[in-house]
Structures are given as structure tokens and as C-alpha cells.
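K.L.:
This is the structure, below, for whatever I ask next.
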Amino acid sequence: MKTTRTLATAVAAAVTAPLLLLAAAPAYATTVTSPPAAPPVSAPTPSPSPAAFGKKPSIAELEKAVAQARKAHQDAVAVQEAALKELRKSHRERDWPEAVALVAADKEAETATAAHTAAVKAREEAEAKLAALPGTATPEEREAAEKAVEAARTTEATAATTKATAVAKRAAARDAYVDRYIEDSQAYSLLKKAVETAAADLAAAEKALEDAKKNGDGGDDDGDGMCKGDDRLVAELTGLPAKVTAGGTVDFTVRVTNNTGEAVDRAYGRVTLAPGTHTLVPLFKPRYAVGTSTTWRDWNSWGIDVNVGALKPGAHADLRLRLSPSAKLEKWSGRIEVSGSYERDGECAANTTLKSHTFQVVAATPSPTPTPTANTPAPQGGTKTAPLTGTTTTAATTGGTLAKTGSSDALNGLALASGAAVLLGAAAVYGTRRRRTTGA
């Protein structure tokens, strides 16, 4: 039985099936919001947002998302159980190739060892006979005894080589056996992780549906309570470099500018760390502060939607942000997504496009070892000091990718089908007329 191939196929099925289900998520538009004239920023890549932005998901859509998540969870459980059954059977019966090879190598090594032992004994006996020849032995008798010793030594040398080869072969077979066992165990661990992720996604989808039913938030056909799309309130990110040092801290800003031509009662800056999960986001220790406030507040698991206050036409307000990536996040790549929204006279509007700024967490560069330099006497007649030349670091222009809220690149695609429910839930955040706000 080829358990490794079986488990590899099972893992592939567990990973790809949910991605196919995610293809049923809402359609996307590609409208691009023009950046404001100031401040200068690195060019973002617009991440498409839902075509019906601001429209709350209907109860039927949320129920469909729950059904997809439940099916993904059931499939993951079924794959895990089948793999475990096959794994136990093959390892119990020891009929997998590596086990069969190890048994054969054991027998071969035992046979070779026995042959070598016999050869050693035969050589010792031949040498004893030669040594025991009496002085009256004829030249023919002595020659025959010497030839017997020589033949025994040759046989012993051949047996020693054969034994060494067989023992090495047995060691290699044992290594292959252990590697196979570890490989099967690791493959099964991936299946367990897929089941855990599917269970978490199902719980999230069920909660979204429960909350929508409890609050009466299901979308309807008359458009009542829907936020309209408006890209004139601009949220623009500045100060995020293309590379952030692991174990360090980086500060950047999201400036919210009112280009609507009218005053707004409340303006919001929305910031998301993507991909974001309940286990990954805390490793960045993300915090924010509004305006000139010295109070830094923690983000929640997915991001923030911060009220930066009322804005007159042409006015702006800043949302300051801080990331302190853990040293464990070396070589991690992701993005910061920003957008804006506002409320005016009881009505609301939100950007139709998320702007995505990619960045990478890199290892800290070790400080070079200082090189001792010889003391140089000062020249006669005074000295001249050369002016210091400053260096300017410019954030690299980076590209972004489509946001998949709730999934994790760190898990190499082990996202499951209720990601569709999370996308619907993201639309629902903008779709409420009465918003939950944070900040001043």
C-alpha cells in the first residue's frame, strides 16, 4: 500500500476543495480611487471591493455560506478519518514498502553476520592447525596447511565486506522506515489542522448568521439602510516602508481627507492587516492613535474602523498606526489595506475600493564588527571638517493582491469555505447605517 501517496492525495483534496467553494464569493469591481494631492505616498495597488458595496448580505446568502462551511468541515473530517484508518492499517500490518525493505535488510544483515562469524572461526582453526604441525611434517603437509590459512583469510575478508555492506543497507532501510513514519505523521497533522480550521470557519459563519437574524440585518430589496458608494472621502496611507524589521517598530499614518464638497458629521478610516487571523495579528502588536493623542490603543483581531471626527470640506484628520512585528515573522509578506467612509445627516457612504500596500518583514541586519584604526596625527595649520551627507529612505512602490479576509497565507492555503461568509460579513460592516465606532 502506498500510504504516503494516499495521504498526499488526501491533503491535496482537503486544501483544494475549500478553494473551489470560495469561488462562490460575491463578484468584485475594480474602481480606483484617485489619491489626494498631499501628502506624497507610495503608490498603492487598489484591491477590488464588492460590486454591491454597502449592501448587507441577505439571510439567504448567510445561510448559503453556513451550508458551504458545514460541507467543508464534513469533508475535512471525512478525509481525516479515512486517512487515519489507512495509516493505522498499513503501519499495523507492516506491508508498506519501507517496512518490507527493512525486514529484508535485517535478514540479509543477519545472514552476512553469521557468514562472517563462521569465516573468522574457520580462519582461526586453519591457523591453529598450521601452528600445530610437528617438526616432522613433510613440506607438502606444511604447504597444504599454509594454503588453507590463506584461503580462510580470503574468505574472511570477503565475508567482512559483505557484512559491512549488509549492515549499511540495514541502517539505510531503518532510516527510510523512520522517515516514512514521520512523513505519514506530518501528513496526518495537516489533515488535523484542516479540520480545526474548518471548524473555526463554520463557527464564524454560524455566528454571522445568528447575529444577522438577531439584529434583523439581512439585506432587503428596497435599499433602505444601505450605505452608498463614495470615493471622494479619501483615506491614504503614508510612511509604510516596503520592508519592516522583525523585532522592531514602524509608525505610519492614514490621512482621511474630505473631498466631498460638504461637511461630514463623522469620518472613518478603516485599516486591515492582511492576511489576518486570530493567531497571526497579535504577533504584530498593532496599535493606533487619533490625531495628536498620545494614547495608543490595540487593534482587534481583524483591523480597525476608527472615527476621526467631523470634517469640513477640504479638511483632513490623521490616524496614526504602529506595528511591532515579532522576531518570529522573518520573511513574512502581507499588506495593509485602507479605505474611508463617512456619515452626514443620518446617511452614510463608503469607498468602493480598498487600497492595498504590500510590505515584507525581514530579519534585522547584524551590526558590523568595528575595525580598529590607527591614530593619525592632526595636520598642521588647522583642520577641515567635511559636511555630513544625509540619506533618504524612500518606501518602495509595491503591488497588492486581492484581499481574502479570514484566510492566512502563512497556512499555505488551508483556508476553508466559510471565507465566503467572512467576505459577506465585511460587506455588512459597511452596510449598516448605524456603525460601531472606535476612537475619538
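Labels for the C-alpha cells follow display order: chains A, B, ..., residues from 1 in each chain, ligands from 1.
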Would you kindly return, as a PDB file with N, CA and C atoms, in the first residue's frame, each protein, DNA or RNA residue with an atom no farther than 7 Å from any atom of Val254 of chain A, considering only C-alpha atoms and excluding same-chain residues fewer than 4 positions away?
P.N.:
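Result written to result_14.pdb:
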```pdb
ATOM      1  N   ALA A 235      -8.996  58.010   1.988  1.00  0.00           N
ATOM      2  CA  ALA A 235      -8.117  57.511   3.047  1.00  0.00           C
ATOM      3  C   ALA A 235      -6.817  57.082   2.385  1.00  0.00           C
ATOM      4  N   GLU A 236      -5.729  57.745   2.757  1.00  0.00           N
ATOM      5  CA  GLU A 236      -4.460  57.475   2.095  1.00  0.00           C
ATOM      6  C   GLU A 236      -3.386  57.158   3.113  1.00  0.00           C
ATOM      7  N   LEU A 237      -2.597  56.107   2.837  1.00  0.00           N
ATOM      8  CA  LEU A 237      -1.543  55.662   3.755  1.00  0.00           C
ATOM      9  C   LEU A 237      -0.206  56.277   3.386  1.00  0.00           C
ATOM     10  N   THR A 238       0.550  56.712   4.406  1.00  0.00           N
ATOM     11  CA  THR A 238       1.903  57.223   4.198  1.00  0.00           C
ATOM     12  C   THR A 238       2.833  56.629   5.248  1.00  0.00           C
ATOM     13  N   ASP A 318      -5.737  62.775  10.781  1.00  0.00           N
ATOM     14  CA  ASP A 318      -4.768  61.677  10.687  1.00  0.00           C
ATOM     15  C   ASP A 318      -5.051  60.580  11.701  1.00  0.00           C
ATOM     16  N   LEU A 319      -4.895  59.370  11.234  1.00  0.00           N
ATOM     17  CA  LEU A 319      -4.974  58.181  12.078  1.00  0.00           C
ATOM     18  C   LEU A 319      -3.576  57.577  12.093  1.00  0.00           C
ATOM     19  N   ARG A 320      -2.909  57.637  13.252  1.00  0.00           N
ATOM     20  CA  ARG A 320      -1.535  57.147  13.356  1.00  0.00           C
ATOM     21  C   ARG A 320      -1.536  55.671  13.756  1.00  0.00           C
TER      22      ARG A 320
END
```
K.L.:
Write out as JSON, numbers by chain which residues come within 7 Å of Arg335 of chain A when counting only C-alpha atoms, dropping same-chain ones fewer than 6 positions away.
P.N.:
{"A": [273, 274, 356, 357, 358, 359, 400]}
K.L.:
Would you list the contacts of segment 258-263 of chain A as a short mmCIF file (atom, residue, chain, number, x, y, z; two decimals) with all heavy atoms, in the first residue's frame, taking every protein, DNA or RNA residue within 8 Å and counting only C-alpha atoms, but skipping same-chain residues closer than 3 positions in sequence?
P.N.:
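Final output, result-v9.cif:
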```cif
data_model
loop_
_atom_site.label_atom_id
_atom_site.label_comp_id
_atom_site.auth_asym_id
_atom_site.auth_seq_id
_atom_site.Cartn_x
_atom_site.Cartn_y
_atom_site.Cartn_z
N ARG A 232 -15.01 60.02 -2.77
CA ARG A 232 -14.48 61.37 -2.59
C ARG A 232 -13.92 61.60 -1.20
O ARG A 232 -13.11 62.51 -1.01
CB ARG A 232 -15.57 62.40 -2.90
CG ARG A 232 -16.02 62.41 -4.36
CD ARG A 232 -17.14 63.40 -4.57
NE ARG A 232 -18.32 63.02 -3.76
CZ ARG A 232 -19.38 63.81 -3.58
NH1 ARG A 232 -19.40 65.02 -4.13
NH2 ARG A 232 -20.40 63.39 -2.87
N LEU A 233 -14.34 60.83 -0.22
CA LEU A 233 -13.68 60.87 1.07
C LEU A 233 -12.49 59.91 0.95
O LEU A 233 -12.66 58.70 0.81
CB LEU A 233 -14.60 60.41 2.20
CG LEU A 233 -13.92 60.58 3.57
CD1 LEU A 233 -14.51 61.79 4.29
CD2 LEU A 233 -14.07 59.34 4.40
N VAL A 234 -11.28 60.46 0.98
CA VAL A 234 -10.09 59.69 0.64
C VAL A 234 -9.32 59.29 1.89
O VAL A 234 -9.04 60.13 2.75
CB VAL A 234 -9.17 60.51 -0.30
CG1 VAL A 234 -7.90 59.72 -0.61
CG2 VAL A 234 -9.91 60.88 -1.57
N ALA A 310 -15.49 64.98 12.93
CA ALA A 310 -16.17 65.74 11.87
C ALA A 310 -15.13 66.45 11.00
O ALA A 310 -14.08 66.87 11.50
CB ALA A 310 -17.12 66.75 12.48
N LEU A 311 -15.42 66.57 9.71
CA LEU A 311 -14.51 67.23 8.79
C LEU A 311 -15.24 68.23 7.91
O LEU A 311 -16.28 67.90 7.33
CB LEU A 311 -13.80 66.20 7.90
CG LEU A 311 -12.79 65.24 8.55
CD1 LEU A 311 -12.23 64.29 7.50
CD2 LEU A 311 -11.67 66.01 9.22
N LYS A 312 -14.70 69.43 7.83
CA LYS A 312 -15.24 70.42 6.90
C LYS A 312 -14.74 70.10 5.49
O LYS A 312 -13.81 69.32 5.31
CB LYS A 312 -14.78 71.81 7.31
CG LYS A 312 -15.33 72.27 8.66
CD LYS A 312 -14.83 73.66 9.00
CE LYS A 312 -15.38 74.12 10.35
NZ LYS A 312 -14.91 75.50 10.69
N PRO A 313 -15.33 70.70 4.46
CA PRO A 313 -14.87 70.46 3.09
C PRO A 313 -13.38 70.77 2.94
O PRO A 313 -12.92 71.84 3.37
CB PRO A 313 -15.74 71.40 2.25
CG PRO A 313 -16.96 71.61 3.07
CD PRO A 313 -16.51 71.60 4.50
N GLY A 314 -12.63 69.85 2.39
CA GLY A 314 -11.20 70.04 2.19
C GLY A 314 -10.33 69.74 3.39
O GLY A 314 -9.11 69.70 3.27
N ALA A 315 -10.95 69.52 4.56
CA ALA A 315 -10.17 69.26 5.77
C ALA A 315 -9.74 67.80 5.83
O ALA A 315 -10.29 66.93 5.15
CB ALA A 315 -10.99 69.62 7.01
N HIS A 316 -8.77 67.55 6.69
CA HIS A 316 -8.30 66.17 6.85
C HIS A 316 -8.01 65.89 8.32
O HIS A 316 -7.88 66.81 9.14
CB HIS A 316 -7.05 65.90 6.02
CG HIS A 316 -5.84 66.67 6.46
ND1 HIS A 316 -5.43 67.84 5.83
CD2 HIS A 316 -4.95 66.47 7.48
CE1 HIS A 316 -4.35 68.31 6.43
NE2 HIS A 316 -4.04 67.49 7.45
N ARG A 344 -23.33 61.63 7.30
CA ARG A 344 -23.80 63.01 7.19
C ARG A 344 -25.33 63.02 7.24
O ARG A 344 -25.98 62.33 6.45
CB ARG A 344 -23.32 63.64 5.87
CG ARG A 344 -23.81 65.08 5.68
CD ARG A 344 -23.65 65.56 4.25
NE ARG A 344 -22.25 65.67 3.85
CZ ARG A 344 -21.77 65.13 2.76
NH1 ARG A 344 -22.57 64.41 1.97
NH2 ARG A 344 -20.50 65.28 2.45
#
```
K.L.:
List the spatial neighbours of Val306 of chain A as a PyMOL selection string - criterion: any atom at most 12 Å away, only C-alpha atoms, same-chain residues fewer than 2 positions off excluded.
P.N.:
chain A and resi 235+254-256+266-272+287-291+297-300+303-304+308-309+317-321+338-342+435-440
